[in-house]
file run-v1.csv (CSV, C-alpha atoms)
chain,number,residue,atom,x,y,z
A,716,MET,CA,204.2,74.2,186.3
A,717,VAL,CA,203.6,70.5,185.6
A,718,GLY,CA,205.2,68.0,183.3
A,719,GLY,CA,203.6,66.9,180.1
A,720,PRO,CA,201.8,63.8,179.1
A,721,LEU,CA,204.6,61.6,180.5
A,722,LYS,CA,204.2,63.1,184.0
A,723,ARG,CA,200.4,62.6,183.8
A,724,LEU,CA,200.8,59.0,182.6
A,725,HIS,CA,203.3,58.4,185.5
A,726,ASN,CA,200.8,59.8,188.1
A,727,TRP,CA,197.9,57.8,186.6
A,728,LEU,CA,200.0,54.6,186.7
A,729,LYS,CA,201.2,55.3,190.2
A,730,SER,CA,197.6,55.7,191.5
A,731,LEU,CA,196.5,52.6,189.5
A,732,ILE,CA,199.2,50.5,191.0
A,733,ARG,CA,198.5,51.8,194.5
A,734,SER,CA,194.8,51.0,194.2
A,735,ILE,CA,195.6,47.5,192.9
A,736,PHE,CA,198.2,46.7,195.6
A,737,ARG,CA,196.4,48.5,198.4
A,738,ARG,CA,197.1,46.6,201.6
A,739,LYS,CA,193.7,45.9,202.9
A,740,THR,CA,195.1,45.2,206.4
A,741,GLU,CA,196.1,48.8,206.8
A,742,VAL,CA,193.4,50.8,205.2
A,743,ARG,CA,193.7,54.5,205.7
A,744,LEU,CA,190.5,56.4,205.9
A,745,GLY,CA,191.1,60.2,205.6
A,746,LEU,CA,188.9,63.1,206.7
A,747,TYR,CA,189.4,66.0,204.3
A,748,GLY,CA,187.6,69.2,203.8
A,749,PRO,CA,187.8,73.0,204.2
A,750,THR,CA,188.5,74.6,207.6
A,751,ASN,CA,185.7,74.4,210.2
A,752,SER,CA,183.6,71.8,208.4
A,753,GLY,CA,183.6,69.5,211.4
A,754,LYS,CA,186.3,67.0,210.5
A,755,THR,CA,187.6,66.6,214.0
A,756,THR,CA,184.1,66.6,215.5
A,757,LEU,CA,183.3,63.7,213.2
A,758,ALA,CA,186.7,62.0,214.0
A,759,ASN,CA,185.8,62.4,217.7
A,760,ARG,CA,182.3,61.0,217.1
A,761,ILE,CA,183.7,57.9,215.3
A,762,CYS,CA,186.4,57.3,217.9
A,763,MET,CA,184.0,57.8,220.9
A,764,ASP,CA,181.5,55.4,219.3
A,765,TRP,CA,183.9,52.6,218.6
A,766,ILE,CA,187.0,53.0,220.8
A,767,GLY,CA,185.7,55.1,223.6
A,768,GLU,CA,188.2,58.0,223.3
A,769,LYS,CA,188.4,61.3,221.5
A,770,MET,CA,190.8,62.1,218.7
A,771,GLY,CA,191.4,65.8,219.0
A,772,LYS,CA,190.4,69.2,220.2
A,773,VAL,CA,187.7,71.2,218.4
A,774,SER,CA,187.2,74.9,218.2
A,775,SER,CA,185.2,77.5,216.4
A,776,ILE,CA,188.5,79.3,215.5
A,777,PRO,CA,189.6,78.0,212.1
A,778,HIS,CA,192.8,75.8,211.9
A,779,GLU,CA,192.4,74.2,215.3
A,780,THR,CA,193.8,71.0,213.7
A,781,ARG,CA,197.2,71.9,212.4
A,782,GLU,CA,198.8,68.5,212.3
A,783,ILE,CA,197.8,65.2,210.9
A,784,GLN,CA,196.2,63.0,213.6
A,785,VAL,CA,196.0,59.3,213.2
A,786,LYS,CA,194.0,56.8,215.3
A,787,GLU,CA,195.2,53.2,214.7
A,788,LYS,CA,192.9,50.2,214.4
A,789,VAL,CA,189.5,51.8,214.6
A,790,THR,CA,187.1,48.9,214.3
A,791,ILE,CA,183.4,49.3,213.4
A,792,GLU,CA,180.9,46.5,213.3
A,793,LYS,CA,177.7,45.8,211.3
A,794,GLY,CA,176.0,42.5,212.2
A,795,ASN,CA,178.9,40.0,212.0
A,796,LYS,CA,181.0,42.1,209.7
A,797,LYS,CA,184.0,44.0,210.9
A,798,LEU,CA,185.8,46.9,209.4
A,799,VAL,CA,189.3,47.9,210.7
A,800,PHE,CA,191.0,51.1,209.5
A,801,LYS,CA,193.4,53.9,210.4
A,802,LEU,CA,191.4,57.1,210.8
A,803,VAL,CA,193.4,60.1,209.6
A,804,ASP,CA,192.1,63.5,210.6
A,805,THR,CA,193.7,66.2,208.5
A,806,PRO,CA,194.0,70.0,208.9
A,807,GLY,CA,191.4,72.0,206.9
A,808,ILE,CA,192.6,72.9,203.4
A,809,ALA,CA,192.6,76.6,202.6
A,810,THR,CA,194.1,78.8,199.9
A,811,LYS,CA,194.7,81.8,202.3
A,812,ILE,CA,195.6,82.2,205.9
A,813,ASP,CA,195.7,85.7,207.4
A,814,PHE,CA,196.9,86.0,211.0
A,815,GLU,CA,194.7,89.1,211.4
A,816,ASP,CA,191.6,86.8,211.2
A,817,PHE,CA,192.9,85.0,214.3
A,818,VAL,CA,193.4,88.4,216.0
A,819,LYS,CA,189.8,89.4,215.2
A,820,ARG,CA,188.7,86.1,216.9
A,821,GLY,CA,190.5,87.1,220.1
A,822,LEU,CA,194.0,85.6,219.8
A,823,LYS,CA,197.0,87.7,220.8
A,824,LYS,CA,199.1,88.9,217.9
A,825,LYS,CA,202.0,86.6,218.7
A,826,LYS,CA,199.8,83.6,219.1
A,827,ALA,CA,197.9,84.5,216.0
A,828,LYS,CA,201.1,84.6,214.0
A,829,GLN,CA,202.2,81.3,215.4
A,830,ARG,CA,198.9,79.7,214.6
A,831,ALA,CA,199.0,81.0,211.0
A,832,LYS,CA,202.5,79.6,210.6
A,833,GLU,CA,201.5,76.2,211.9
A,834,ALA,CA,198.3,76.3,209.8
A,835,THR,CA,200.3,76.8,206.6
A,836,LYS,CA,202.4,73.7,207.4
A,837,GLY,CA,199.1,71.9,208.2
A,838,VAL,CA,197.7,72.6,204.8
A,839,ILE,CA,200.9,71.5,203.1
A,840,GLU,CA,200.9,68.2,205.1
A,841,ALA,CA,197.2,67.6,204.3
A,842,ILE,CA,197.9,67.9,200.6
A,843,LYS,CA,201.0,65.6,200.8
A,844,TRP,CA,198.9,63.0,202.6
A,845,LEU,CA,196.4,62.8,199.7
A,846,ASP,CA,198.7,60.2,198.1
A,847,LYS,CA,198.6,58.0,201.2
A,848,MET,CA,194.8,57.6,201.5
A,849,ASP,CA,192.9,54.5,200.6
A,850,ALA,CA,189.5,56.1,200.9
A,851,VAL,CA,188.4,59.6,202.0
A,852,LEU,CA,185.4,61.2,203.6
A,853,VAL,CA,185.2,64.7,202.3
A,854,VAL,CA,183.5,66.6,205.1
A,855,LEU,CA,181.6,69.7,204.0
A,856,ASP,CA,179.6,72.2,206.0
A,857,ALA,CA,176.1,71.8,204.7
A,858,SER,CA,175.1,75.3,205.8
A,859,LYS,CA,177.6,76.8,203.4
A,860,ASN,CA,177.8,77.1,199.6
A,861,PRO,CA,179.2,73.8,198.4
A,862,ILE,CA,180.5,75.2,195.2
A,863,ASP,CA,183.8,76.4,196.7
A,864,GLN,CA,187.1,76.1,194.9
A,865,VAL,CA,188.7,74.3,197.9
A,866,ASN,CA,186.0,71.6,197.7
A,867,VAL,CA,186.4,71.3,194.0
A,868,THR,CA,190.2,71.0,194.3
A,869,ILE,CA,190.0,68.3,197.0
A,870,LEU,CA,187.5,66.2,195.0
A,871,GLY,CA,189.4,66.7,191.8
A,872,ASN,CA,192.7,65.6,193.4
A,873,LEU,CA,191.0,62.5,194.9
A,874,GLU,CA,189.5,61.6,191.5
A,875,ALA,CA,192.9,62.0,189.8
A,876,ARG,CA,194.3,59.5,192.3
A,877,ASN,CA,191.4,57.1,191.9
A,878,THR,CA,190.7,57.3,195.6
A,879,PRO,CA,187.2,56.2,196.7
A,880,VAL,CA,185.2,59.2,198.1
A,881,LEU,CA,182.1,59.7,200.2
A,882,ILE,CA,180.9,63.2,200.7
A,883,VAL,CA,179.7,64.0,204.2
A,884,ALA,CA,177.3,66.9,204.4
A,885,ASN,CA,177.9,67.8,208.0
A,886,LYS,CA,176.0,70.2,210.4
A,887,ILE,CA,172.5,69.2,209.1
A,888,ASP,CA,171.3,70.2,212.6
A,889,LEU,CA,171.7,73.9,211.6
A,890,LYS,CA,168.6,75.6,210.3
A,891,ARG,CA,170.3,76.9,207.1
A,892,ALA,CA,171.9,73.5,206.3
A,893,ASN,CA,170.9,72.0,203.0
A,894,ALA,CA,172.4,68.5,202.2
A,895,GLN,CA,170.4,68.4,199.0
A,896,LYS,CA,172.3,71.5,197.7
A,897,VAL,CA,175.5,69.5,198.3
A,898,ARG,CA,174.1,66.6,196.3
A,899,GLU,CA,173.1,68.9,193.5
A,900,ALA,CA,176.6,70.5,193.5
A,901,PHE,CA,178.4,67.1,193.2
A,902,PRO,CA,176.1,64.7,191.4
A,903,LYS,CA,178.9,62.3,190.6
A,904,TYR,CA,179.3,61.4,194.3
A,905,LYS,CA,177.3,59.8,197.1
A,906,VAL,CA,176.4,62.3,199.7
A,907,ILE,CA,175.4,61.5,203.3
A,908,GLY,CA,173.8,64.2,205.5
A,909,ILE,CA,174.9,64.0,209.1
A,910,SER,CA,175.4,66.1,212.3
A,911,ALA,CA,178.7,64.9,213.8
A,912,LYS,CA,177.9,67.1,216.8
A,913,LYS,CA,174.4,65.7,217.5
A,914,GLY,CA,174.9,62.3,216.0
A,915,SER,CA,172.1,62.3,213.5
A,916,GLY,CA,172.7,60.3,210.3
A,917,ILE,CA,175.8,58.7,211.8
A,918,LYS,CA,174.5,55.1,211.6
A,919,ASN,CA,173.8,55.7,207.9
A,920,LEU,CA,177.4,56.9,207.6
A,921,TYR,CA,178.8,53.7,209.3
A,922,ASN,CA,176.7,51.6,206.9
A,923,GLU,CA,178.2,53.5,203.9
A,924,LEU,CA,181.7,52.9,205.2
A,925,PHE,CA,181.3,49.2,204.6
A,926,GLU,CA,180.5,50.1,200.9
A,927,LEU,CA,183.4,52.5,200.6
A,928,LEU,CA,186.2,50.5,202.1
B,1111,MET,CA,201.7,95.2,198.5
B,1112,ASP,CA,202.3,98.7,197.4
B,1113,GLU,CA,202.7,97.9,193.7
B,1114,LYS,CA,199.9,98.8,191.2
B,1115,LEU,CA,197.4,96.2,190.3
B,1116,LYS,CA,198.3,94.3,187.2
B,1117,ILE,CA,196.4,91.7,185.2
B,1118,LYS,CA,198.4,89.1,183.4
B,1119,PHE,CA,196.9,86.8,180.7
B,1120,ILE,CA,198.9,83.5,180.4
B,1121,PRO,CA,198.2,80.8,177.9
B,1122,TYR,CA,197.9,77.4,179.6
B,1123,GLU,CA,200.7,76.1,177.5
B,1124,VAL,CA,203.0,78.8,178.9
B,1125,LEU,CA,201.8,78.4,182.4
B,1126,LYS,CA,202.3,74.7,182.6
B,1127,ASN,CA,206.0,75.2,181.8
B,1128,LYS,CA,206.4,78.0,184.3
B,1129,ARG,CA,207.8,77.3,187.7
B,1130,THR,CA,205.2,77.5,190.5
B,1131,ARG,CA,207.4,79.8,192.5
B,1132,ASP,CA,207.6,82.3,189.6
B,1133,LEU,CA,203.8,82.4,189.6
B,1134,ILE,CA,203.7,83.0,193.3
B,1135,SER,CA,206.3,85.7,192.9
B,1136,ASP,CA,203.9,87.4,190.3
B,1137,LEU,CA,201.0,87.0,192.7
B,1138,LYS,CA,202.9,88.6,195.5
B,1139,LYS,CA,203.5,91.6,193.2
B,1140,ASN,CA,199.8,92.5,193.0
B,1141,THR,CA,199.2,90.6,189.9
B,1142,ILE,CA,196.0,88.8,188.9
B,1143,ILE,CA,196.6,85.9,186.6
B,1144,ILE,CA,194.1,84.7,184.0
B,1145,VAL,CA,194.6,81.4,182.2
B,1146,ASP,CA,192.8,80.2,179.2
B,1147,ALA,CA,192.0,76.7,180.6
B,1148,LYS,CA,190.9,75.0,183.7
B,1149,LEU,CA,193.9,73.9,185.8
B,1150,MET,CA,194.3,70.2,186.5
B,1151,PRO,CA,193.5,69.3,190.1
B,1152,ARG,CA,197.2,68.4,190.8
B,1153,GLU,CA,198.2,71.8,189.5
B,1154,GLU,CA,195.7,73.5,191.8
B,1155,ALA,CA,197.1,71.5,194.8
B,1156,ARG,CA,200.7,72.4,193.8
B,1157,LEU,CA,199.8,76.1,193.6
B,1158,ILE,CA,198.1,76.0,197.0
B,1159,ARG,CA,201.1,74.3,198.6
B,1160,ALA,CA,203.5,76.8,197.0
B,1161,ALA,CA,201.3,79.7,198.2
B,1162,MET,CA,201.3,78.3,201.8
B,1163,LYS,CA,205.1,78.2,201.8
B,1164,LYS,CA,205.2,81.9,201.0
B,1165,ILE,CA,202.6,83.2,203.5
B,1166,SER,CA,203.8,86.1,205.5
B,1167,SER,CA,202.4,89.2,207.1
B,1168,LYS,CA,202.5,90.8,203.6
B,1169,PHE,CA,201.1,87.9,201.6
B,1170,SER,CA,198.1,86.0,203.0
B,1171,GLY,CA,197.7,83.5,200.2
B,1172,ILE,CA,195.7,83.2,197.0
B,1173,GLU,CA,192.2,83.2,195.7
B,1174,LEU,CA,191.5,81.0,192.7
B,1175,ASN,CA,188.5,79.7,190.8
B,1176,SER,CA,188.0,78.2,187.4
B,1177,LEU,CA,185.3,77.4,184.9
B,1178,GLU,CA,185.3,74.3,182.8
B,1179,LEU,CA,183.5,74.7,179.5
B,1180,SER,CA,182.0,71.2,179.8
B,1181,GLU,CA,180.4,72.3,183.2
B,1182,VAL,CA,178.9,75.4,181.7
B,1183,LYS,CA,177.1,73.6,178.9
B,1184,LYS,CA,173.8,72.1,180.1
B,1185,ASP,CA,171.8,69.2,178.7
B,1186,LYS,CA,174.9,67.5,177.2
B,1187,THR,CA,174.4,64.6,174.9
B,1188,TRP,CA,176.8,61.6,174.8
B,1189,SER,CA,178.3,63.0,171.6
B,1190,ASP,CA,179.0,66.3,173.4
B,1191,VAL,CA,180.8,64.4,176.2
B,1192,ILE,CA,182.9,62.3,173.7
B,1193,LYS,CA,183.7,65.4,171.6
B,1194,GLU,CA,184.8,67.3,174.7
B,1195,LYS,CA,187.1,64.4,175.8
B,1196,ILE,CA,188.7,64.2,172.3
B,1197,ILE,CA,189.3,67.9,172.3
B,1198,GLU,CA,190.8,67.7,175.8
B,1199,ILE,CA,193.2,64.9,174.7
B,1200,ILE,CA,194.2,66.7,171.6
B,1201,LEU,CA,194.8,70.1,173.3
B,1202,GLY,CA,196.2,68.5,176.5
B,1203,LYS,CA,194.1,70.9,178.6
B,1204,LYS,CA,190.6,71.3,180.0
B,1205,ARG,CA,188.9,74.0,178.0
B,1206,GLY,CA,187.8,76.9,180.3
B,1207,MET,CA,189.3,79.6,182.3
B,1208,THR,CA,191.1,80.1,185.6
B,1209,ILE,CA,191.6,83.2,187.7
B,1210,ILE,CA,194.3,83.3,190.3
B,1211,GLY,CA,194.9,86.4,192.5
B,1212,PRO,CA,196.5,87.5,195.7
B,1213,ALA,CA,194.0,87.1,198.7
B,1214,ASP,CA,195.2,90.5,200.0
B,1215,ILE,CA,193.4,92.3,197.3
B,1216,ILE,CA,190.8,89.8,196.2
B,1217,LYS,CA,187.9,89.2,198.5
B,1218,LYS,CA,186.5,86.2,196.6
B,1219,ILE,CA,186.1,84.7,193.1
B,1220,GLU,CA,182.6,83.3,192.8
B,1221,LYS,CA,181.3,80.9,190.2
B,1222,ASP,CA,177.9,82.1,189.0
B,1223,PRO,CA,177.8,79.2,187.7
B,1224,THR,CA,178.4,80.1,184.0
B,1225,ASP,CA,180.6,83.2,184.8
B,1226,LEU,CA,183.4,84.0,187.2
B,1227,LEU,CA,182.7,87.0,189.4
B,1228,LEU,CA,185.8,88.6,191.0
B,1229,PHE,CA,185.1,90.7,194.1
B,1230,MET,CA,187.9,93.1,195.1
B,1231,LYS,CA,188.5,94.1,198.7

call {"tool": "encode", "arguments": {"input": "run-v1.csv", "output": "structure tokens"}}
result
Amino acid sequence: MVGGPLKRLHNWLKSLIRSIFRRKTEVRLGLYGPTNSGKTTLANRICMDWIGEKMGKVSSIPHETREIQVKEKVTIEKGNKKLVFKLVDTPGIATKIDFEDFVKRGLKKKKAKQRAKEATKGVIEAIKWLDKMDAVLVVLDASKNPIDQVNVTILGNLEARNTPVLIVANKIDLKRANAQKVREAFPKYKVIGISAKKGSGIKNLYNELFELL
Amino acid sequence: MDEKLKIKFIPYEVLKNKRTRDLISDLKKNTIIIVDAKLMPREEARLIRAAMKKISSKFSGIELNSLELSEVKKDKTWSDVIKEKIIEIILGKKRGMTIIGPADIIKKIEKDPTDLLLFMK
């Protein structure tokens, strides 16, 4: 399933070299997370705040984002400091995709099957792009149980690649949201509570980006 | 998925030399796989990617979850951490357990956090 120590050493050296020679002029900031955690809502918020245009369509039906979306040269400012990066919105990572779930949410069978097929490709692409990221915001839904295997897999893969990570506990505007629970679940990481939809905590997130990149 | 449910125990040393597509093939035949170690993150990602490639109307993907022994033990001292690292290097695996199963028959696998609970559909 995987090579032995040589393969692991090769992967480790690759990520080390990548982090040393990271081209600071073309920093890629990825948005990763499970489906429906609000990655595209956050991407839209960042893009609207700093370049005045949206990034993608959002929907309550999972797997709305099925392709990698990139916004070039997003520039954010803090005092006289500037941060320029490529914002990469990725499809939500999942371990299963059942077209029947889309049918239950009102899609016609043919459309549901098409969406499922595109969603599988989206997950594969998102995983492939893990190697290309310079830093990642892992966007989690703060109203859900954070100890989910998908979240653990994403964070583990980023750690294995030495990619700087900031966890964004999104949807704190919801009554059942609990950013503290996310902090307790992942004590090794910095966690910022925000509502990408309402905008709360977003300034704090922008400040943290200067630390991350 | 009309085959009878099977549970397969695979030592990590065997699993890591197994082709991912063979594992997916097992999972598609109503098999739950139990491994005596926590999979490495890259192995989990590879498994998810392979599962995505095989999704069809008869196979909707996988459920997986794992326990790492070092996570289970609370109030660890520095010597515990170092001991665990040394064992990990010697064994070449993270001590623990992983359960992988087809999502068509498994509803979810929950971490309790010191146990793994498998809920069937």

call {"tool": "closest_atom_pairs", "arguments": {"input": "run-v1.csv", "of": "chain B", "to": "chain A", "cutoff": "6 Å", "atoms": "only C-alpha atoms", "output": "JSON lines"}}
result
{"residue": "B:Lys1126", "atom": "CA", "partner": "A:Met716", "partner_atom": "CA", "distance": 4.2}
{"residue": "B:Asn1127", "atom": "CA", "partner": "A:Met716", "partner_atom": "CA", "distance": 4.9}
{"residue": "B:Lys1128", "atom": "CA", "partner": "A:Met716", "partner_atom": "CA", "distance": 4.8}
{"residue": "B:Arg1129", "atom": "CA", "partner": "A:Met716", "partner_atom": "CA", "distance": 5.0}
{"residue": "B:Thr1130", "atom": "CA", "partner": "A:Met716", "partner_atom": "CA", "distance": 5.4}
{"residue": "B:Pro1151", "atom": "CA", "partner": "A:Asn872", "partner_atom": "CA", "distance": 5.0}
{"residue": "B:Arg1152", "atom": "CA", "partner": "A:Asn872", "partner_atom": "CA", "distance": 5.9}
{"residue": "B:Ile1158", "atom": "CA", "partner": "A:Thr810", "partner_atom": "CA", "distance": 5.7}
{"residue": "B:Arg1159", "atom": "CA", "partner": "A:Ile839", "partner_atom": "CA", "distance": 5.3}
{"residue": "B:Met1162", "atom": "CA", "partner": "A:Thr835", "partner_atom": "CA", "distance": 5.1}
{"residue": "B:Ser1170", "atom": "CA", "partner": "A:Asp813", "partner_atom": "CA", "distance": 5.0}
{"residue": "B:Gly1171", "atom": "CA", "partner": "A:Lys811", "partner_atom": "CA", "distance": 4.0}
{"residue": "B:Ile1172", "atom": "CA", "partner": "A:Thr810", "partner_atom": "CA", "distance": 5.5}
{"residue": "B:Asn1175", "atom": "CA", "partner": "A:Gln864", "partner_atom": "CA", "distance": 5.6}

call {"tool": "closest_residue", "arguments": {"input": "run-v1.csv", "among": "A:Glu741, A:Asp764, A:Asp856, A:Glu833", "to": "Glu792 of chain A", "atoms": "only C-alpha atoms"}}
result
A:Asp764

call {"tool": "atom_distance", "arguments": {"input": "run-v1.csv", "atom1": "atom CA of Pro879 of chain A", "atom2": "atom CA of Leu852 of chain A"}}
result
8.7 Å

call {"tool": "residues_around", "arguments": {"input": "run-v1.csv", "residues": "Leu1149 of chain B", "least_positions_apart": "3", "cutoff": "8 Å", "atoms": "all atoms listed in the file", "output": "PyMOL selection string"}}
result
chain B and resi 1153-1154+1176+1203-1204+1208

call {"tool": "closest_residue", "arguments": {"input": "run-v1.csv", "among": "A:Leu744, A:Ala911, A:Pro777, A:Val799", "to": "Lys819 of chain A", "atoms": "only C-alpha atoms"}}
result
A:Pro777

call {"tool": "residues_around", "arguments": {"input": "run-v1.csv", "residues": "segment 1214-1222 of chain B", "least_positions_apart": "4", "cutoff": "7 Å", "atoms": "only C-alpha atoms", "output": "tab-separated table (two decimals) with C-alpha atoms, in the frame of the given file"}}
result
chain	number	residue	atom	x	y	z
B	1169	PHE	CA	201.10	87.90	201.60
B	1170	SER	CA	198.10	86.00	203.00
B	1173	GLU	CA	192.20	83.20	195.70
B	1174	LEU	CA	191.50	81.00	192.70
B	1175	ASN	CA	188.50	79.70	190.80
B	1226	LEU	CA	183.40	84.00	187.20
B	1227	LEU	CA	182.70	87.00	189.40
B	1228	LEU	CA	185.80	88.60	191.00
B	1229	PHE	CA	185.10	90.70	194.10
B	1230	MET	CA	187.90	93.10	195.10
B	1231	LYS	CA	188.50	94.10	198.70

call {"tool": "atom_distance", "arguments": {"input": "run-v1.csv", "atom1": "atom CA of Val803 of chain A", "atom2": "atom CA of Val853 of chain A"}}
result
11.9 Å

call {"tool": "residues_around", "arguments": {"input": "run-v1.csv", "residues": "Ser774 of chain A", "least_positions_apart": "6", "cutoff": "10 Å", "atoms": "all atoms listed in the file", "output": "ChimeraX atom specification"}}
result
/A:751,753,755-756,780

call {"tool": "residues_around", "arguments": {"input": "run-v1.csv", "residues": "Lys754 of chain A", "least_positions_apart": "4", "cutoff": "9 Å", "atoms": "all atoms listed in the file", "output": "JSON, numbers by chain"}}
result
{"A": [746, 747, 748, 749, 750, 758, 759, 804, 805, 806, 807, 853, 854, 855, 885, 911]}

call {"tool": "atom_distance", "arguments": {"input": "run-v1.csv", "atom1": "atom CA of Arg743 of chain A", "atom2": "atom CA of Ala850 of chain A"}}
result
6.6 Å

call {"tool": "residues_near_point", "arguments": {"input": "run-v1.csv", "point": "(179.3, 70.7, 194.8)", "cutoff": "6 Å", "atoms": "all atoms listed in the file", "output": "list in words"}}
result
Pro861, Ile862, Val897, Ala900 and Phe901 of chain A

call {"tool": "closest_residue", "arguments": {"input": "run-v1.csv", "among": "B:Asp1132, B:Glu1113, B:Asp1190, B:Glu1181", "to": "Gly1206 of chain B", "atoms": "only C-alpha atoms"}}
result
B:Glu1181

call {"tool": "residues_near_point", "arguments": {"input": "run-v1.csv", "point": "(193.7, 86.5, 182.0)", "cutoff": "7 Å", "atoms": "only C-alpha atoms", "output": "NGL selection string"}}
result
:B and (1117-1120 or 1143-1146 or 1209)
